[in-house]
$ cat coords-v5.csv   # CSV, C-alpha atoms
chain,number,residue,atom,x,y,z
A,922,MET,CA,-2.6,-22.6,4.6
A,923,LYS,CA,-4.9,-20.1,3.0
A,924,ASN,CA,-5.6,-16.8,4.6
A,925,PRO,CA,-3.6,-17.3,7.8
A,926,THR,CA,-4.7,-15.1,10.7
A,927,PRO,CA,-2.4,-12.4,12.1
A,928,GLU,CA,-2.5,-14.3,15.4
A,929,PHE,CA,-1.2,-17.5,13.7
A,930,LEU,CA,1.6,-15.6,12.0
A,931,GLU,CA,2.6,-13.9,15.2
A,932,SER,CA,2.8,-17.4,16.8
A,933,VAL,CA,5.1,-18.5,14.0
A,934,VAL,CA,7.3,-15.4,14.6
A,935,ALA,CA,7.5,-16.2,18.3
A,936,VAL,CA,8.3,-19.9,17.9
A,937,LEU,CA,11.0,-19.3,15.3
A,938,ARG,CA,12.3,-16.2,17.1
A,939,MET,CA,12.2,-14.1,13.9
A,940,ASN,CA,13.7,-10.7,13.8
A,941,ASP,CA,11.8,-7.7,12.5
A,942,GLN,CA,12.8,-8.2,8.8
A,943,GLU,CA,11.9,-11.9,8.9
A,944,ARG,CA,8.6,-11.0,10.5
A,945,GLN,CA,7.9,-8.5,7.8
A,946,PHE,CA,8.8,-10.9,5.0
A,947,LEU,CA,6.5,-13.6,6.6
A,948,PHE,CA,3.5,-11.3,6.6
A,949,LEU,CA,4.2,-10.0,3.1
A,950,TYR,CA,4.5,-13.6,1.8
A,951,ALA,CA,1.4,-14.8,3.6
A,952,THR,CA,-0.9,-11.9,3.4
A,953,GLY,CA,0.6,-9.4,0.9
A,954,GLU,CA,0.7,-6.7,3.6
A,955,LEU,CA,3.2,-5.6,6.2
A,956,PRO,CA,2.5,-6.6,9.8
A,957,PRO,CA,1.2,-4.1,12.3
A,958,ALA,CA,3.6,-2.1,14.4
A,959,THR,CA,4.8,-4.0,17.5
A,960,GLY,CA,5.0,-1.0,19.9
A,961,PRO,CA,8.0,0.4,21.6
A,962,ALA,CA,10.4,-1.7,19.6
A,963,ASP,CA,9.4,0.2,16.5
A,964,TYR,CA,10.9,3.4,18.1
A,965,ALA,CA,14.4,1.8,18.5
A,966,LEU,CA,16.7,4.0,16.5
A,967,HIS,CA,19.9,2.7,15.0
A,968,PRO,CA,22.8,5.1,16.1
A,969,GLY,CA,23.7,5.7,12.5
A,970,TRP,CA,20.4,7.6,12.0
A,971,ALA,CA,21.3,10.1,14.7
A,972,GLN,CA,24.7,10.6,13.0
A,973,LEU,CA,22.9,11.1,9.6
A,974,VAL,CA,20.6,13.7,11.1
A,975,GLU,CA,23.6,15.5,12.7
A,976,ARG,CA,25.5,15.6,9.4
A,977,GLN,CA,22.7,16.8,7.2
A,978,PRO,CA,23.4,20.2,5.5
A,979,HIS,CA,19.7,21.0,5.8
A,980,PRO,CA,17.5,21.2,8.9
A,981,ALA,CA,16.6,17.6,9.7
A,982,CYS,CA,15.0,15.5,12.4
A,983,ILE,CA,13.4,12.1,13.3
A,984,TYR,CA,10.1,11.9,15.1
A,985,THR,CA,7.6,9.2,16.1
A,986,ARG,CA,4.2,8.6,14.8
A,987,ARG,CA,2.8,11.0,17.5
A,988,TRP,CA,5.3,13.7,16.4
A,989,ASP,CA,7.7,13.4,19.4
A,990,LEU,CA,11.2,14.3,18.4
A,991,ILE,CA,13.8,11.6,18.8
A,992,ALA,CA,16.7,13.4,17.1
A,993,ALA,CA,17.2,16.8,15.5
A,994,ASN,CA,20.2,18.8,14.2
A,995,ALA,CA,20.9,22.4,15.2
A,996,GLY,CA,19.5,23.7,11.9
A,997,TYR,CA,16.1,22.1,12.6
A,998,LEU,CA,16.0,23.3,16.2
A,999,ASP,CA,17.0,26.9,15.2
A,1000,LEU,CA,14.5,27.1,12.4
A,1001,LEU,CA,11.4,25.6,14.0
A,1002,PHE,CA,12.0,26.2,17.7
A,1003,GLY,CA,14.2,29.3,17.7
A,1004,ALA,CA,17.9,29.9,18.6
A,1005,GLU,CA,17.2,29.4,22.3
A,1006,ALA,CA,16.1,25.8,21.7
A,1007,GLY,CA,19.5,24.3,22.7
A,1008,SER,CA,19.0,20.6,22.1
A,1009,VAL,CA,16.2,18.0,21.8
A,1010,ALA,CA,16.7,17.0,25.5
A,1011,GLU,CA,16.3,20.7,26.6
A,1012,LEU,CA,13.0,21.3,24.8
A,1013,PRO,CA,10.1,21.9,27.2
A,1014,ASP,CA,8.0,19.9,24.8
A,1015,ARG,CA,9.4,17.6,22.2
A,1016,ASN,CA,6.1,17.3,20.3
A,1017,VAL,CA,6.3,19.0,16.9
A,1018,LEU,CA,2.5,19.0,16.4
A,1019,ARG,CA,1.9,20.7,19.8
A,1020,TRP,CA,4.6,23.3,19.1
A,1021,VAL,CA,3.3,24.2,15.6
A,1022,LEU,CA,-0.4,24.3,16.7
A,1023,LEU,CA,-0.3,25.8,20.1
A,1024,ASN,CA,2.7,28.1,20.3
A,1025,LYS,CA,1.5,31.7,20.1
A,1026,ALA,CA,4.6,33.0,18.1
A,1027,CYS,CA,4.1,30.2,15.6
A,1028,ARG,CA,0.5,31.2,15.0
A,1029,ALA,CA,1.0,35.0,15.0
A,1030,GLU,CA,4.2,35.6,13.1
A,1031,ARG,CA,6.7,32.7,12.7
A,1032,LEU,CA,4.9,30.2,10.5
A,1033,VAL,CA,3.7,31.8,7.3
A,1034,ASP,CA,0.0,31.2,6.5
A,1035,TRP,CA,-0.3,29.2,9.8
A,1036,ARG,CA,-3.9,28.2,9.5
A,1037,ASP,CA,-4.1,26.9,5.9
A,1038,SER,CA,-0.5,25.8,5.2
A,1039,TRP,CA,0.4,24.4,8.6
A,1040,ALA,CA,-2.5,23.8,11.0
A,1041,VAL,CA,-5.1,22.4,8.7
A,1042,PRO,CA,-2.8,20.0,6.8
A,1043,MET,CA,-1.2,18.8,10.0
A,1044,LEU,CA,-4.6,18.1,11.6
A,1045,GLY,CA,-5.3,16.2,8.5
A,1046,GLU,CA,-2.3,14.0,9.1
A,1047,LEU,CA,-3.4,13.5,12.7
A,1048,ARG,CA,-6.9,12.4,11.4
A,1049,ALA,CA,-5.2,9.9,9.1
A,1050,ALA,CA,-3.0,8.6,11.8
A,1051,ILE,CA,-5.9,8.0,14.1
A,1052,ALA,CA,-7.9,6.4,11.3
A,1053,ALA,CA,-5.1,4.0,10.7
A,1054,ASN,CA,-4.6,3.4,14.5
A,1055,PRO,CA,-8.0,3.7,16.1
A,1056,ASP,CA,-6.9,2.0,19.3
A,1057,SER,CA,-3.8,4.1,19.8
A,1058,GLN,CA,-4.0,5.7,23.2
A,1059,ASP,CA,-1.0,7.9,22.6
A,1060,LEU,CA,-2.6,9.5,19.6
A,1061,MET,CA,-5.8,10.1,21.4
A,1062,THR,CA,-3.9,11.6,24.3
A,1063,LEU,CA,-2.1,13.9,21.8
A,1064,LEU,CA,-5.5,14.9,20.3
A,1065,ASP,CA,-7.0,15.7,23.7
A,1066,SER,CA,-4.0,18.0,24.5
A,1067,LEU,CA,-4.6,19.8,21.2
A,1068,LEU,CA,-8.4,20.1,21.5
A,1069,ALA,CA,-8.0,21.9,24.9
A,1070,ASP,CA,-7.1,24.9,22.8
A,1071,PRO,CA,-10.2,26.6,21.4
A,1072,VAL,CA,-8.6,27.7,18.1
A,1073,VAL,CA,-7.4,24.2,17.3
A,1074,LYS,CA,-10.7,22.7,18.4
A,1075,GLU,CA,-12.6,24.9,16.0
A,1076,LEU,CA,-10.4,23.8,13.2
A,1077,TRP,CA,-10.8,20.2,14.1
A,1078,ASP,CA,-14.5,20.3,14.5
A,1079,ALA,CA,-14.9,22.1,11.2
A,1080,GLU,CA,-13.2,19.1,9.5
A,1081,ILE,CA,-11.5,21.4,7.0
A,1082,GLY,CA,-9.5,19.7,4.3
A,1083,VAL,CA,-8.9,16.0,3.7
A,1084,PHE,CA,-6.7,13.3,5.1
A,1085,ARG,CA,-3.0,13.8,4.5
A,1086,THR,CA,-0.9,10.8,5.4
A,1087,HIS,CA,2.5,12.4,5.1
A,1088,PRO,CA,4.1,15.9,4.5
A,1089,ASP,CA,6.6,14.7,1.8
A,1090,GLY,CA,6.9,17.3,-1.0
A,1091,THR,CA,5.0,20.0,0.9
A,1092,MET,CA,6.4,23.6,0.4
A,1093,LEU,CA,6.2,25.9,3.5
A,1094,SER,CA,7.7,29.1,4.7
A,1095,ILE,CA,8.9,30.4,8.1
A,1096,ASP,CA,9.6,34.0,9.0
A,1097,ASP,CA,12.8,33.7,11.1
A,1098,PRO,CA,14.0,36.7,13.1
A,1099,ALA,CA,17.7,35.8,12.4
A,1100,HIS,CA,17.4,34.6,8.8
A,1101,GLY,CA,14.3,36.4,7.4
A,1102,ARG,CA,11.8,34.5,5.2
A,1103,VAL,CA,12.9,30.9,4.7
A,1104,ASP,CA,11.1,28.8,2.0
A,1105,PHE,CA,11.6,25.1,2.0
A,1106,THR,CA,10.3,21.8,0.8
A,1107,ILE,CA,9.7,18.9,3.3
A,1108,LEU,CA,11.3,15.6,2.3
A,1109,ALA,CA,10.0,12.8,4.5
A,1110,ALA,CA,10.6,9.0,4.7
A,1111,ASN,CA,10.1,6.2,7.1
A,1112,VAL,CA,13.0,4.5,8.8
A,1113,MET,CA,12.8,0.9,7.4
A,1114,HIS,CA,13.9,-1.0,10.5
A,1115,ALA,CA,11.6,1.1,12.8
A,1116,ARG,CA,8.6,2.0,10.7
A,1117,GLU,CA,7.0,4.1,13.4
A,1118,LEU,CA,9.8,6.7,13.0
A,1119,ARG,CA,9.9,9.3,10.3
A,1120,PHE,CA,13.0,11.1,8.9
A,1121,VAL,CA,12.3,14.6,7.8
A,1122,ALA,CA,14.6,17.1,6.1
A,1123,LEU,CA,13.7,20.7,5.3
A,1124,MET,CA,15.3,21.5,1.9
A,1125,SER,CA,15.7,25.3,1.4
A,1126,THR,CA,14.3,26.5,-1.9
A,1127,GLY,CA,15.9,30.0,-1.6
A,1128,PRO,CA,19.0,31.8,-0.2
A,1129,GLY,CA,17.5,32.3,3.2
A,1130,PHE,CA,18.5,29.8,5.8
A,1131,ARG,CA,22.0,28.4,6.2
A,1132,PRO,CA,22.4,26.5,9.4
A,1133,GLY,CA,25.6,27.0,11.3
A,1134,SER,CA,27.8,24.5,13.2
A,1135,VAL,CA,25.8,21.7,14.8
A,1136,GLU,CA,28.5,20.9,17.3
A,1137,GLY,CA,27.0,20.2,20.7
A,1138,ARG,CA,23.5,21.1,19.5
A,1139,GLY,CA,20.6,18.7,19.2
A,1140,THR,CA,22.7,15.9,17.8
A,1141,ALA,CA,22.0,13.1,20.2
A,1142,PRO,CA,18.7,11.1,20.3
A,1143,ALA,CA,16.4,12.3,23.1
A,1144,TYR,CA,16.6,9.0,24.9
A,1145,LEU,CA,20.4,9.0,25.3

$ encode --input "coords-v5.csv" --output "structure tokens"
Amino acid sequence: MKNPTPEFLESVVAVLRMNDQERQFLFLYATGELPPATGPADYALHPGWAQLVERQPHPACIYTRRWDLIAANAGYLDLLFGAEAGSVAELPDRNVLRWVLLNKACRAERLVDWRDSWAVPMLGELRAAIAANPDSQDLMTLLDSLLADPVVKELWDAEIGVFRTHPDGTMLSIDDPAHGRVDFTILAANVMHARELRFVALMSTGPGFRPGSVEGRGTAPAYL
């Protein structure tokens, strides 16, 4: 059959009870493209990923396409949220985008060059995510929560910058009260079996940040 529709391919998946990898292969073979995300199943994290995050020597985390943390090690929580963060489950808001864009300390002193290095590029990522998923209610809800802030709304309305689909390779800095200036490069990749999840590690490019013990801190996925 030439040019099979996504609906037809999904019916084949259902009839043959294909798993996610088989579904992806079918779509790639038939259309040359990966299938669309299937929803909550794409957030199912293999336990090994949580262990990998925990054992990373660098600050690391996994978050969803709407920037909700699923897992993070102590180094990541300390560096981004502060030493009082505790664990992912204890965070008052697990959304990384809201924390970066709305937290007053992040804006004023913690995130170096907050507007141009952090806020504008991350809003560009959000624009790209919405463009790729125009019917996503969760992304629109996230956007609404951000635009309630006048500073963020002004940046969004100004349409500064361009789409940025991912942060991989970005160099950023944080002024941390305990560790001083921390310069790092973001390394990011998608989890293959759950493509809506993104693994991120912050690789220090200087002598600043050296995370301590992660025992009991932020190591378990938020849903456990």

$ atom_distance --input "coords-v5.csv" --atom1 "atom CA of A:Tyr997" --atom2 "atom CA of A:His967"
19.9 Å

$ residues_around --input "coords-v5.csv" --residues "A:Val1073" --least-positions-apart "5" --cutoff "10 Å" --atoms "all atoms listed in the file" --output "list in words"
Leu1022, Leu1023, Arg1036, Ala1040, Val1041, Leu1044, Leu1064, Leu1067, Leu1068, Asp1078 and Ala1079 of chain A

$ atom_distance --input "coords-v5.csv" --atom1 "atom CA of A:Gly1090" --atom2 "atom CA of A:Gly1045"
15.5 Å

$ closest_residue --input "coords-v5.csv" --among "A:Ser932, A:Gln1058, A:Thr926, A:Ser1008" --to "A:Arg987" --atoms "all atoms listed in the file"
A:Gln1058

$ residues_around --input "coords-v5.csv" --residues "A:Asp1034" --least-positions-apart "5" --cutoff "10 Å" --atoms "all atoms listed in the file" --output "list in words"
Arg1028, Ala1029, Trp1039, Ala1040, Leu1093, Ser1094 and Ile1095 of chain A

$ atom_distance --input "coords-v5.csv" --atom1 "atom CA of A:Pro956" --atom2 "atom CA of A:Val974"
27.2 Å
